[in-house]
$ cat start.cif   # mmCIF, C-alpha atoms and all ligand atoms
data_start
#
loop_
_atom_site.group_PDB
_atom_site.id
_atom_site.type_symbol
_atom_site.label_atom_id
_atom_site.label_comp_id
_atom_site.auth_asym_id
_atom_site.auth_seq_id
_atom_site.Cartn_x
_atom_site.Cartn_y
_atom_site.Cartn_z
ATOM 1 C CA MET A 1 -15.110 8.892 2.581
ATOM 2 C CA SER A 2 -11.433 8.508 1.583
ATOM 3 C CA PRO A 3 -10.540 8.827 -2.100
ATOM 4 C CA ASP A 4 -9.463 5.585 -3.779
ATOM 5 C CA TYR A 5 -5.795 6.616 -4.219
ATOM 6 C CA ARG A 6 -3.899 8.500 -1.518
ATOM 7 C CA VAL A 7 -0.202 9.395 -1.305
ATOM 8 C CA ILE A 8 1.004 10.819 1.983
ATOM 9 C CA ILE A 9 4.351 12.584 2.057
ATOM 10 C CA GLY A 10 5.291 11.653 5.592
ATOM 11 C CA ASP A 11 6.740 9.065 7.926
ATOM 12 C CA SER A 12 5.117 5.624 7.923
ATOM 13 C CA ARG A 13 6.223 4.968 11.486
ATOM 14 C CA ARG A 14 3.065 6.884 12.396
ATOM 15 C CA MET A 15 0.328 6.355 9.810
ATOM 16 C CA SER A 16 -2.274 8.569 11.442
ATOM 17 C CA ASP A 17 -4.098 9.043 8.118
ATOM 18 C CA VAL A 18 -4.925 5.328 7.938
ATOM 19 C CA THR A 19 -7.657 3.942 10.174
ATOM 20 C CA ASP A 20 -7.425 0.655 12.083
ATOM 21 C CA GLU A 21 -8.213 -2.512 10.091
ATOM 22 C CA SER A 22 -8.801 -0.666 6.810
ATOM 23 C CA VAL A 23 -6.090 -2.270 4.616
ATOM 24 C CA HIS A 24 -6.230 -5.722 2.996
ATOM 25 C CA ILE A 25 -2.632 -6.095 1.805
ATOM 26 C CA THR A 26 0.745 -4.374 2.225
ATOM 27 C CA VAL A 27 3.355 -4.703 -0.514
ATOM 28 C CA THR A 28 6.592 -2.889 0.180
ATOM 29 C CA SER A 29 10.367 -2.705 0.085
ATOM 30 C CA PRO A 30 11.918 -0.786 3.004
ATOM 31 C CA PRO A 31 15.389 0.758 3.200
ATOM 32 C CA TYR A 32 17.722 -2.224 3.772
ATOM 33 C CA PRO A 33 19.668 -2.280 7.078
ATOM 34 C CA MET A 34 23.482 -2.326 6.629
ATOM 35 C CA VAL A 35 23.329 -1.362 2.935
ATOM 36 C CA SER A 36 25.279 1.892 2.819
ATOM 37 C CA ILE A 37 22.950 3.865 0.484
ATOM 38 C CA TRP A 38 20.267 3.697 3.176
ATOM 39 C CA ASP A 39 22.467 4.526 6.179
ATOM 40 C CA ASP A 40 21.209 8.090 6.658
ATOM 41 C CA PHE A 41 17.607 6.933 7.067
ATOM 42 C CA PHE A 42 18.650 5.173 10.211
ATOM 43 C CA ALA A 43 20.890 7.967 11.481
ATOM 44 C CA GLU A 44 18.661 8.997 14.374
ATOM 45 C CA ALA A 45 21.138 7.286 16.681
ATOM 46 C CA ALA A 46 24.672 8.760 16.314
ATOM 47 C CA ALA A 47 26.064 5.544 14.838
ATOM 48 C CA PRO A 48 23.071 3.305 14.218
ATOM 49 C CA THR A 49 23.656 -0.405 14.784
ATOM 50 C CA TYR A 50 21.990 -3.320 13.018
ATOM 51 C CA ASN A 51 19.583 -3.498 15.987
ATOM 52 C CA ASP A 52 18.753 0.230 15.761
ATOM 53 C CA MET A 53 17.996 -0.125 12.050
ATOM 54 C CA HIS A 54 15.602 -2.997 12.642
ATOM 55 C CA GLU A 55 13.993 -1.089 15.516
ATOM 56 C CA TYR A 56 13.346 1.782 13.036
ATOM 57 C CA LEU A 57 11.606 -0.659 10.653
ATOM 58 C CA ASN A 58 9.732 -2.260 13.551
ATOM 59 C CA GLU A 59 7.844 0.960 14.166
ATOM 60 C CA THR A 60 6.348 0.677 10.685
ATOM 61 C CA TRP A 61 5.715 -3.075 11.104
ATOM 62 C CA ARG A 62 3.672 -2.264 14.242
ATOM 63 C CA GLU A 63 1.623 0.243 12.268
ATOM 64 C CA ILE A 64 1.047 -2.369 9.556
ATOM 65 C CA ARG A 65 -0.387 -4.699 12.202
ATOM 66 C CA ARG A 66 -2.755 -1.940 13.340
ATOM 67 C CA VAL A 67 -4.069 -0.988 9.889
ATOM 68 C CA LEU A 68 -4.397 -4.475 8.352
ATOM 69 C CA ILE A 69 -7.759 -6.217 8.544
ATOM 70 C CA PRO A 70 -7.759 -9.497 10.501
ATOM 71 C CA SER A 71 -6.404 -12.035 7.933
ATOM 72 C CA GLY A 72 -4.647 -9.213 6.041
ATOM 73 C CA ILE A 73 -1.355 -9.969 4.288
ATOM 74 C CA ALA A 74 2.031 -8.216 4.449
ATOM 75 C CA CYS A 75 4.601 -8.829 1.671
ATOM 76 C CA ILE A 76 8.069 -7.424 2.420
ATOM 77 C CA ASN A 77 10.846 -7.378 -0.188
ATOM 78 C CA ILE A 78 14.237 -7.347 1.541
ATOM 79 C CA GLY A 79 17.839 -8.304 0.802
ATOM 80 C CA ASP A 80 20.561 -9.448 3.181
ATOM 81 C CA ALA A 81 23.725 -7.342 3.484
ATOM 82 C CA THR A 82 27.442 -7.748 4.091
ATOM 83 C CA ARG A 83 29.758 -5.218 5.686
ATOM 84 C CA THR A 84 33.387 -5.185 6.787
ATOM 85 C CA SER A 85 34.108 -3.137 9.924
ATOM 86 C CA ASN A 86 37.515 -2.901 11.567
ATOM 87 C CA GLY A 87 38.714 -5.471 9.054
ATOM 88 C CA ILE A 88 36.104 -8.047 10.096
ATOM 89 C CA PHE A 89 33.635 -9.323 7.527
ATOM 90 C CA HIS A 90 30.041 -9.899 8.632
ATOM 91 C CA LEU A 91 26.803 -11.105 7.036
ATOM 92 C CA TYR A 92 23.612 -9.339 8.153
ATOM 93 C CA PRO A 93 20.636 -11.634 7.459
ATOM 94 C CA ASN A 94 17.912 -8.980 7.324
ATOM 95 C CA HIS A 95 15.323 -11.483 6.161
ATOM 96 C CA SER A 96 15.611 -13.633 9.284
ATOM 97 C CA ARG A 97 15.497 -10.624 11.638
ATOM 98 C CA ILE A 98 12.318 -9.383 9.930
ATOM 99 C CA ILE A 99 10.703 -12.830 10.224
ATOM 100 C CA GLU A 100 11.522 -12.871 13.959
ATOM 101 C CA ASN A 101 10.104 -9.389 14.416
ATOM 102 C CA PHE A 102 6.849 -10.138 12.575
ATOM 103 C CA GLU A 103 6.454 -13.326 14.619
ATOM 104 C CA LYS A 104 6.883 -11.277 17.820
ATOM 105 C CA LEU A 105 4.068 -9.029 16.579
ATOM 106 C CA GLY A 106 1.840 -12.099 16.313
ATOM 107 C CA PHE A 107 1.864 -12.553 12.526
ATOM 108 C CA VAL A 108 1.813 -15.989 10.881
ATOM 109 C CA THR A 109 4.850 -16.461 8.607
ATOM 110 C CA LEU A 110 3.924 -18.033 5.262
ATOM 111 C CA PRO A 111 6.446 -19.657 2.885
ATOM 112 C CA TYR A 112 8.482 -16.954 1.181
ATOM 113 C CA VAL A 113 9.692 -16.252 -2.348
ATOM 114 C CA LEU A 114 13.342 -16.032 -3.397
ATOM 115 C CA TRP A 115 13.668 -13.382 -6.064
ATOM 116 C CA LYS A 116 16.660 -14.179 -8.250
ATOM 117 C CA LYS A 117 18.011 -10.970 -9.735
ATOM 118 C CA PRO A 118 20.455 -11.630 -12.521
ATOM 119 C CA THR A 119 22.329 -8.365 -11.797
ATOM 120 C CA ASN A 120 24.924 -8.571 -9.000
ATOM 121 C CA ARG A 121 28.481 -9.723 -9.610
ATOM 122 C CA PRO A 122 30.473 -12.287 -7.610
ATOM 123 C CA HIS A 123 32.583 -11.010 -4.716
ATOM 124 C CA TYR A 124 36.157 -11.610 -3.773
ATOM 125 C CA LYS A 125 36.767 -11.232 -0.023
ATOM 126 C CA GLY A 126 33.696 -9.012 0.067
ATOM 127 C CA LYS A 127 35.459 -6.372 -2.049
ATOM 128 C CA GLY A 128 33.292 -6.251 -5.143
ATOM 129 C CA ALA A 129 33.774 -8.164 -8.368
ATOM 130 C CA PHE A 130 36.280 -10.989 -8.717
ATOM 131 C CA LEU A 131 39.685 -9.743 -9.787
ATOM 132 C CA GLY A 132 42.517 -11.685 -11.376
ATOM 133 C CA SER A 133 42.843 -14.113 -8.467
ATOM 134 C CA GLY A 134 39.148 -14.907 -8.514
ATOM 135 C CA PHE A 135 39.753 -18.462 -9.683
ATOM 136 C CA LEU A 136 41.859 -19.415 -6.670
ATOM 137 C CA PRO A 137 40.314 -20.965 -3.573
ATOM 138 C CA PRO A 138 39.482 -20.412 -0.741
ATOM 139 C CA ASN A 139 38.828 -16.687 -0.073
ATOM 140 C CA ALA A 140 35.911 -15.785 -2.340
ATOM 141 C CA TYR A 141 32.350 -15.330 -1.050
ATOM 142 C CA VAL A 142 29.072 -16.468 -2.564
ATOM 143 C CA THR A 143 27.277 -13.546 -4.244
ATOM 144 C CA LEU A 144 24.095 -12.145 -2.718
ATOM 145 C CA ASP A 145 22.087 -12.356 -5.931
ATOM 146 C CA MET A 146 18.778 -13.282 -4.311
ATOM 147 C CA GLU A 147 16.355 -11.075 -2.468
ATOM 148 C CA TYR A 148 13.533 -12.285 -0.270
ATOM 149 C CA ILE A 149 9.840 -11.628 -0.533
ATOM 150 C CA LEU A 150 8.589 -12.393 2.945
ATOM 151 C CA ILE A 151 4.884 -13.070 3.334
ATOM 152 C CA PHE A 152 2.998 -12.725 6.625
ATOM 153 C CA ARG A 153 -0.650 -13.014 7.601
ATOM 154 C CA LYS A 154 -2.405 -11.319 10.491
ATOM 155 C CA GLY A 155 -4.276 -14.268 11.997
ATOM 156 C CA PRO A 156 -6.219 -17.036 10.252
ATOM 157 C CA PRO A 157 -6.965 -17.268 6.499
ATOM 158 C CA ARG A 158 -9.545 -14.817 5.145
ATOM 159 C CA SER A 159 -13.072 -16.098 4.639
ATOM 160 C CA PHE A 160 -15.613 -15.086 1.993
ATOM 161 C CA PRO A 161 -19.303 -15.703 1.393
ATOM 162 C CA PRO A 162 -19.882 -18.664 -0.988
ATOM 163 C CA LYS A 163 -19.388 -17.739 -4.670
ATOM 164 C CA ASP A 164 -18.338 -14.184 -3.787
ATOM 165 C CA PRO A 165 -18.274 -12.549 -7.256
ATOM 166 C CA ARG A 166 -15.361 -10.202 -6.474
ATOM 167 C CA ARG A 167 -13.261 -13.178 -5.432
ATOM 168 C CA TYR A 168 -14.176 -15.209 -8.526
ATOM 169 C CA ASP A 169 -13.500 -12.228 -10.799
ATOM 170 C CA SER A 170 -9.998 -11.999 -9.276
ATOM 171 C CA LYS A 171 -8.898 -15.522 -10.123
ATOM 172 C CA PHE A 172 -5.634 -16.369 -11.856
ATOM 173 C CA THR A 173 -4.925 -18.927 -14.597
ATOM 174 C CA LYS A 174 -3.284 -22.303 -14.049
ATOM 175 C CA LYS A 175 -0.125 -21.048 -15.778
ATOM 176 C CA GLN A 176 -0.003 -17.991 -13.510
ATOM 177 C CA ARG A 177 -0.628 -20.108 -10.420
ATOM 178 C CA ASP A 178 2.152 -22.569 -11.277
ATOM 179 C CA GLU A 179 4.654 -19.781 -11.900
ATOM 180 C CA TRP A 180 3.681 -17.403 -9.096
ATOM 181 C CA PHE A 181 3.362 -19.993 -6.322
ATOM 182 C CA SER A 182 6.789 -21.539 -6.984
ATOM 183 C CA GLN A 183 9.534 -20.465 -4.610
ATOM 184 C CA VAL A 184 12.094 -18.975 -7.000
ATOM 185 C CA TRP A 185 11.122 -16.037 -9.198
ATOM 186 C CA LYS A 186 13.478 -15.002 -11.965
ATOM 187 C CA VAL A 187 12.496 -11.406 -12.599
ATOM 188 C CA PRO A 188 14.975 -8.869 -14.030
ATOM 189 C CA GLY A 189 15.536 -5.708 -11.964
ATOM 190 C CA VAL A 190 14.636 -2.290 -13.375
ATOM 191 C CA ARG A 191 17.088 0.229 -14.812
ATOM 192 C CA GLN A 192 17.362 2.972 -12.209
ATOM 193 C CA ASP A 193 17.065 6.070 -14.400
ATOM 194 C CA LEU A 194 15.686 8.661 -11.971
ATOM 195 C CA ASP A 195 18.128 11.586 -11.855
ATOM 196 C CA GLY A 196 20.055 11.816 -8.621
ATOM 197 C CA LEU A 197 17.456 10.011 -6.575
ATOM 198 C CA GLU A 198 17.878 6.704 -8.363
ATOM 199 C CA ARG A 199 20.231 5.221 -5.807
ATOM 200 C CA ARG A 200 17.976 6.232 -2.935
ATOM 201 C CA VAL A 201 14.897 4.727 -4.488
ATOM 202 C CA ALA A 202 16.094 1.329 -5.758
ATOM 203 C CA ALA A 203 12.711 0.647 -7.345
ATOM 204 C CA PHE A 204 11.461 -2.891 -7.750
ATOM 205 C CA PRO A 205 10.054 -3.950 -11.148
ATOM 206 C CA GLU A 206 6.268 -3.755 -11.572
ATOM 207 C CA GLU A 207 6.121 -7.538 -11.982
ATOM 208 C CA ILE A 208 6.891 -8.041 -8.253
ATOM 209 C CA PRO A 209 3.901 -6.102 -6.798
ATOM 210 C CA ARG A 210 1.736 -7.226 -9.740
ATOM 211 C CA ARG A 211 2.129 -10.890 -8.826
ATOM 212 C CA LEU A 212 1.784 -10.321 -5.063
ATOM 213 C CA ILE A 213 -1.361 -8.200 -5.360
ATOM 214 C CA ARG A 214 -2.977 -10.761 -7.680
ATOM 215 C CA MET A 215 -1.969 -13.657 -5.411
ATOM 216 C CA PHE A 216 -3.092 -12.232 -2.072
ATOM 217 C CA SER A 217 -5.931 -9.747 -2.644
ATOM 218 C CA ILE A 218 -9.158 -9.398 -4.608
ATOM 219 C CA LEU A 219 -10.573 -6.647 -6.834
ATOM 220 C CA GLY A 220 -11.510 -3.521 -4.869
ATOM 221 C CA ASP A 221 -9.231 -4.330 -1.896
ATOM 222 C CA VAL A 222 -7.064 -1.629 -0.312
ATOM 223 C CA VAL A 223 -3.285 -1.907 -0.868
ATOM 224 C CA LEU A 224 -0.746 -0.113 1.371
ATOM 225 C CA ASP A 225 2.899 0.696 0.587
ATOM 226 C CA PRO A 226 4.532 2.441 3.587
ATOM 227 C CA PHE A 227 7.856 2.929 1.701
ATOM 228 C CA LEU A 228 6.520 4.145 -1.616
ATOM 229 C CA GLY A 229 9.728 5.335 -3.345
ATOM 230 C CA SER A 230 8.930 6.069 -7.002
ATOM 231 C CA GLY A 231 5.346 4.802 -6.709
ATOM 232 C CA THR A 232 5.627 1.346 -8.322
ATOM 233 C CA THR A 233 3.050 -0.272 -6.014
ATOM 234 C CA LEU A 234 0.576 2.592 -6.549
ATOM 235 C CA LYS A 235 0.875 2.277 -10.339
ATOM 236 C CA VAL A 236 0.264 -1.484 -10.191
ATOM 237 C CA ALA A 237 -2.637 -1.172 -7.707
ATOM 238 C CA MET A 238 -4.306 1.186 -10.211
ATOM 239 C CA ASP A 239 -3.735 -1.229 -13.098
ATOM 240 C CA LEU A 240 -5.296 -4.038 -11.044
ATOM 241 C CA ASP A 241 -8.407 -2.144 -9.866
ATOM 242 C CA ARG A 242 -7.405 -2.056 -6.225
ATOM 243 C CA LYS A 243 -7.509 1.012 -3.967
ATOM 244 C CA PHE A 244 -4.312 2.390 -2.506
ATOM 245 C CA VAL A 245 -2.721 4.354 0.307
ATOM 246 C CA GLY A 246 1.024 4.964 0.551
ATOM 247 C CA TYR A 247 3.640 6.871 2.543
ATOM 248 C CA GLU A 248 6.922 8.341 1.336
ATOM 249 C CA LYS A 249 9.204 10.308 3.620
ATOM 250 C CA LEU A 250 11.207 12.178 0.959
ATOM 251 C CA SER A 251 9.174 15.060 -0.457
ATOM 252 C CA GLN A 252 11.484 15.209 -3.528
ATOM 253 C CA LEU A 253 9.851 11.964 -4.688
ATOM 254 C CA ALA A 254 6.340 13.451 -4.907
ATOM 255 C CA ASP A 255 6.864 14.666 -8.506
ATOM 256 C CA ILE A 256 8.287 11.331 -9.577
ATOM 257 C CA ILE A 257 5.230 9.572 -8.111
ATOM 258 C CA ARG A 258 2.898 12.069 -9.864
ATOM 259 C CA ARG A 259 4.565 11.486 -13.222
ATOM 260 C CA ARG A 260 4.311 7.729 -12.717
ATOM 261 C CA VAL A 261 0.525 7.781 -12.527
ATOM 262 C CA GLU A 262 -0.530 10.855 -14.493
ATOM 263 C CA SER A 263 -1.579 8.882 -17.566
ATOM 264 C CA SER A 264 -3.896 6.616 -15.555
ATOM 265 C CA GLY A 265 -6.889 8.943 -15.755
ATOM 266 C CA LYS A 266 -7.490 8.290 -12.066
ATOM 267 C CA GLN A 267 -7.642 10.832 -9.269
ATOM 268 C CA VAL A 268 -4.845 10.703 -6.706
ATOM 269 C CA GLU A 269 -4.914 12.756 -3.517
ATOM 270 C CA PHE A 270 -1.518 13.961 -2.286
ATOM 271 C CA LEU A 271 -1.296 14.886 1.382
ATOM 272 C CA GLU A 272 1.522 16.383 3.377
ATOM 273 C CA HIS A 273 1.377 16.127 7.159
ATOM 274 C CA GLY A 274 -2.328 15.325 6.969
ATOM 275 C CA ARG A 275 -3.114 18.323 4.689
ATOM 276 C CA VAL A 276 -4.303 17.875 1.092
ATOM 277 C CA VAL A 277 -1.696 19.578 -1.109
ATOM 278 C CA ASP A 278 -2.764 18.514 -4.538
ATOM 279 C CA GLU A 279 -5.248 16.464 -6.448
ATOM 280 C CA LEU A 280 -4.143 14.951 -9.656
ATOM 281 C CA VAL A 281 -6.457 13.940 -12.425
ATOM 282 C CA GLY A 282 -4.570 12.317 -15.272
HETATM 283 C C1 LIG B 1 13.575 0.683 -1.300
HETATM 284 S S1 LIG B 1 12.777 2.227 -1.462
HETATM 285 C C2 LIG B 1 11.208 1.782 -2.120
HETATM 286 C C3 LIG B 1 11.235 1.622 -3.619
HETATM 287 C C4 LIG B 1 9.845 1.345 -4.202
HETATM 288 N N1 LIG B 1 9.452 -0.040 -3.962
HETATM 289 C C5 LIG B 1 9.838 1.632 -5.701
HETATM 290 O O1 LIG B 1 9.599 0.699 -6.495
HETATM 291 O O2 LIG B 1 10.115 2.769 -6.106
HETATM 292 C C6 LIG B 1 12.405 2.716 0.175
HETATM 293 C C7 LIG B 1 11.749 4.070 0.286
HETATM 294 O O3 LIG B 1 11.351 4.265 1.646
HETATM 295 C C8 LIG B 1 11.438 5.638 1.956
HETATM 296 N N2 LIG B 1 11.436 5.739 3.430
HETATM 297 C C9 LIG B 1 12.411 5.448 4.298
HETATM 298 N N3 LIG B 1 12.005 5.606 5.579
HETATM 299 C C10 LIG B 1 10.693 5.978 5.509
HETATM 300 C C11 LIG B 1 9.693 6.252 6.484
HETATM 301 N N4 LIG B 1 9.955 6.176 7.787
HETATM 302 N N5 LIG B 1 8.450 6.580 6.061
HETATM 303 C C12 LIG B 1 8.169 6.674 4.730
HETATM 304 N N6 LIG B 1 9.077 6.425 3.756
HETATM 305 C C13 LIG B 1 10.329 6.066 4.132
HETATM 306 C C14 LIG B 1 12.721 6.064 1.259
HETATM 307 O O4 LIG B 1 12.739 7.465 1.018
HETATM 308 C C15 LIG B 1 12.654 5.248 -0.043
HETATM 309 O O5 LIG B 1 12.063 6.011 -1.066
#

$ encode --input "start.cif" --output "structure tokens" --more "lines below"
Ligand SMILES: C[S@@+](CC[C@H](N)C(=O)[O-])C[C@H]1O[C@@H](n2cnc3c(N)ncnc32)[C@H](O)[C@@H]1O
Amino acid sequence: MSPDYRVIIGDSRRMSDVTDESVHITVTSPPYPMVSIWDDFFAEAAAPTYNDMHEYLNETWREIRRVLIPSGIACINIGDATRTSNGIFHLYPNHSRIIENFEKLGFVTLPYVLWKKPTNRPHYKGKGAFLGSGFLPPNAYVTLDMEYILIFRKGPPRSFPPKDPRRYDSKFTKKQRDEWFSQVWKVPGVRQDLDGLERRVAAFPEEIPRRLIRMFSILGDVVLDPFLGSGTTLKVAMDLDRKFVGYEKLSQLADIIRRRVESSGKQVEFLEHGRVVDELVG
């Protein structure tokens, strides 16, 4: 039997440690195509294009389809990107490409959340913050200060036996329902204070996976994060009495993930290439 919490240092494009139809919900934030800090993840092609980058992510999306139960949910946090090449400005709408790709995989697209992050600054001609001429029309661009939380379901809605106690014990309040099921979430980002790796990780705040896990899973369910970063989704899954499996490609992040959960008192199995390397009891 698998332990309740598993972290696999490896590539989520092949999740061979996760059996078919064993996961109830995925909550994740992948590297964002066309955002320069993530470029080297996609560098398998000599000069990866927007299409190559989405094809890289698609390999993980296909694995998500395999491991989710029928009626399982996938929540993907993604931002759009802008880039100027050869003097030509272009918008890359990552969210719409990911919706198309999940639809091609047979998922049902549910209404999504717009996460308003009060952090980015307005842009002038795509060159960063407004400068002195920022009050003159017409060459400024609207700021990308929203990210998307895309929500997909594998097949029809999940069914439960009548009065299933685990489902009833997982219910939310009216106040939570009204706030969480509205389309715009105003949640502040987190300060990125992880030495050196901070820019690579771009952690989301705990409030994002906390809401999604409460909204779309029940107590005891299995949560997957295939792009684990600093371990935010693992930490929240523990807090919410769910089980967890996650993948992270960069081995340097293993210690950061360990530190994140060491006070939980729960046992986490760390595996590398399918081999158990450590068991942590907080
Ligand atoms: C946006 S970050 C995730 C941040 C995370 N939500 C958090 O709160 O810390 C994306 C992560 O995916 C990892 N990654 C990229 N490609 C991967 C792959 N093929 N398999 C596993 N992890 C990958 C990167 O190393 C990075 O840590």

$ residues_near_ligand --input "start.cif" --ligand "ligand LIG 1 (chain B)" --cutoff "7 Å" --atoms "all atoms listed in the file" --output "PyMOL selection string"
chain A and resi 10-13+28-31+41+200-205+226-233+247-250

$ resolve_selection --input "start.cif" --expression "the PyMOL selection byres (((chain A and resi 25) around 10) and not hetatm)" --output "compact mmCIF listing (two decimals) with C-alpha atoms, keeping the file's coordinate frame"
# COMPACT_ATOMS: atom_id res chain seq x y z
CA SER A 22 -8.80 -0.67 6.81
CA VAL A 23 -6.09 -2.27 4.62
CA HIS A 24 -6.23 -5.72 3.00
CA THR A 26 0.74 -4.37 2.22
CA VAL A 27 3.36 -4.70 -0.51
CA THR A 28 6.59 -2.89 0.18
CA ILE A 64 1.05 -2.37 9.56
CA VAL A 67 -4.07 -0.99 9.89
CA LEU A 68 -4.40 -4.47 8.35
CA ILE A 69 -7.76 -6.22 8.54
CA SER A 71 -6.40 -12.04 7.93
CA GLY A 72 -4.65 -9.21 6.04
CA ILE A 73 -1.36 -9.97 4.29
CA ALA A 74 2.03 -8.22 4.45
CA CYS A 75 4.60 -8.83 1.67
CA PHE A 152 3.00 -12.72 6.62
CA ARG A 153 -0.65 -13.01 7.60
CA LEU A 212 1.78 -10.32 -5.06
CA ILE A 213 -1.36 -8.20 -5.36
CA PHE A 216 -3.09 -12.23 -2.07
CA SER A 217 -5.93 -9.75 -2.64
CA ILE A 218 -9.16 -9.40 -4.61
CA ASP A 221 -9.23 -4.33 -1.90
CA VAL A 222 -7.06 -1.63 -0.31
CA VAL A 223 -3.28 -1.91 -0.87
CA LEU A 224 -0.75 -0.11 1.37
CA ASP A 225 2.90 0.70 0.59
CA PHE A 244 -4.31 2.39 -2.51

$ closest_residue --input "start.cif" --among "A:Ala81, A:Leu234, A:Ile8, A:Leu271" --to "Leu144 of chain A" --atoms "all atoms listed in the file"
A:Ala81

$ closest_residue --input "start.cif" --among "A:Leu114, A:Leu105, A:Ala47, A:Met34" --to "Thr82 of chain A" --atoms "only C-alpha atoms"
A:Met34

$ atom_distance --input "start.cif" --atom1 "atom CA of Asp52 of chain A" --atom2 "atom CA of Thr84 of chain A"
18.0 Å

$ atom_distance --input "start.cif" --atom1 "atom CA of Gln267 of chain A" --atom2 "atom CA of Asp20 of chain A"
23.7 Å

$ resolve_selection --input "start.cif" --expression "the PyMOL selection byres (((chain A and resi 158-175) around 7) and not hetatm)" --output "ChimeraX atom specification"
/A:71,156-157,176-179,218-219

$ closest_residue --input "start.cif" --among "A:Arg191, A:Arg6, A:Arg66, A:His95" --to "Gly79 of chain A" --atoms "only C-alpha atoms"
A:His95

$ closest_residue --input "start.cif" --among "A:Arg83, A:Lys116, A:Lys266, A:Arg258" --to "Thr49 of chain A" --atoms "all atoms listed in the file"
A:Arg83

$ atom_distance --input "start.cif" --atom1 "atom CA of Asp255 of chain A" --atom2 "atom CA of Met53 of chain A"
27.7 Å

$ closest_residue --input "start.cif" --among "A:Val108, A:Leu91, A:Leu253, A:Val245" --to "Met15 of chain A" --atoms "all atoms listed in the file"
A:Val245

$ axis_aligned_box --input "start.cif" --around "segment 64-72 of chain A" --padding-each-side "3 Å" --output "JSON"
{"center_x": -3.4, "center_y": -6.5, "center_z": 9.7, "size_x": 14.8, "size_y": 17.0, "size_z": 13.3}

$ residues_around --input "start.cif" --residues "Arg211 of chain A" --least-positions-apart "4" --cutoff "7 Å" --atoms "only C-alpha atoms" --output "MDAnalysis selection string"
chainID A and resid 180 207 215

$ residues_around --input "start.cif" --residues "Ile99 of chain A" --least-positions-apart "4" --cutoff "9 Å" --atoms "all atoms listed in the file" --output "JSON, numbers by chain"
{"A": [94, 95, 103, 104, 109, 150, 152]}

$ closest_residue --input "start.cif" --among "A:Ile208, A:Ile151, A:Ile9, A:Ala237" --to "Ile76 of chain A" --atoms "all atoms listed in the file"
A:Ile151

$ resolve_selection --input "start.cif" --expression "the PyMOL selection byres (((chain A and resi 186) around 10) and not hetatm)" --output "short mmCIF file (atom, residue, chain, number, x, y, z; two decimals) with C-alpha atoms, in the coordinates of the input"
data_model
loop_
_atom_site.label_atom_id
_atom_site.label_comp_id
_atom_site.auth_asym_id
_atom_site.auth_seq_id
_atom_site.Cartn_x
_atom_site.Cartn_y
_atom_site.Cartn_z
CA LEU A 114 13.34 -16.03 -3.40
CA TRP A 115 13.67 -13.38 -6.06
CA LYS A 116 16.66 -14.18 -8.25
CA LYS A 117 18.01 -10.97 -9.74
CA PRO A 118 20.45 -11.63 -12.52
CA MET A 146 18.78 -13.28 -4.31
CA GLN A 183 9.53 -20.46 -4.61
CA VAL A 184 12.09 -18.98 -7.00
CA TRP A 185 11.12 -16.04 -9.20
CA VAL A 187 12.50 -11.41 -12.60
CA PRO A 188 14.98 -8.87 -14.03
CA GLY A 189 15.54 -5.71 -11.96
#

$ decode --input "start.cif" --residues "segment 137-147 of chain A" --atoms "N, CA and C atoms" --output "compact mmCIF listing (two decimals), in the first residue's frame"
# COMPACT_ATOMS: atom_id res chain seq x y z
N PRO A 137 -1.50 58.85 -24.74
CA PRO A 137 -1.97 57.80 -25.62
C PRO A 137 -1.15 57.81 -26.92
N PRO A 138 -1.10 56.76 -27.73
CA PRO A 138 -1.90 55.54 -27.60
C PRO A 138 -1.05 54.30 -27.41
N ASN A 139 0.23 54.39 -26.99
CA ASN A 139 1.13 53.23 -27.13
C ASN A 139 1.35 52.38 -25.89
N ALA A 140 0.53 52.58 -24.86
CA ALA A 140 0.69 51.73 -23.67
C ALA A 140 -0.16 50.47 -23.81
N TYR A 141 0.24 49.41 -23.07
CA TYR A 141 -0.52 48.15 -23.09
C TYR A 141 -1.17 47.91 -21.74
N VAL A 142 -2.29 47.23 -21.77
CA VAL A 142 -2.96 46.81 -20.53
C VAL A 142 -2.05 45.82 -19.80
N THR A 143 -1.98 45.95 -18.48
CA THR A 143 -1.10 45.09 -17.67
C THR A 143 -1.69 43.69 -17.50
N LEU A 144 -0.84 42.69 -17.57
CA LEU A 144 -1.30 41.32 -17.28
C LEU A 144 -1.28 41.12 -15.77
N ASP A 145 -2.32 41.58 -15.09
CA ASP A 145 -2.31 41.43 -13.63
C ASP A 145 -3.35 40.41 -13.16
N MET A 146 -3.77 39.56 -14.08
CA MET A 146 -4.65 38.44 -13.74
C MET A 146 -3.93 37.15 -14.13
N GLU A 147 -4.15 36.12 -13.35
CA GLU A 147 -3.78 34.78 -13.80
C GLU A 147 -5.07 33.96 -13.86
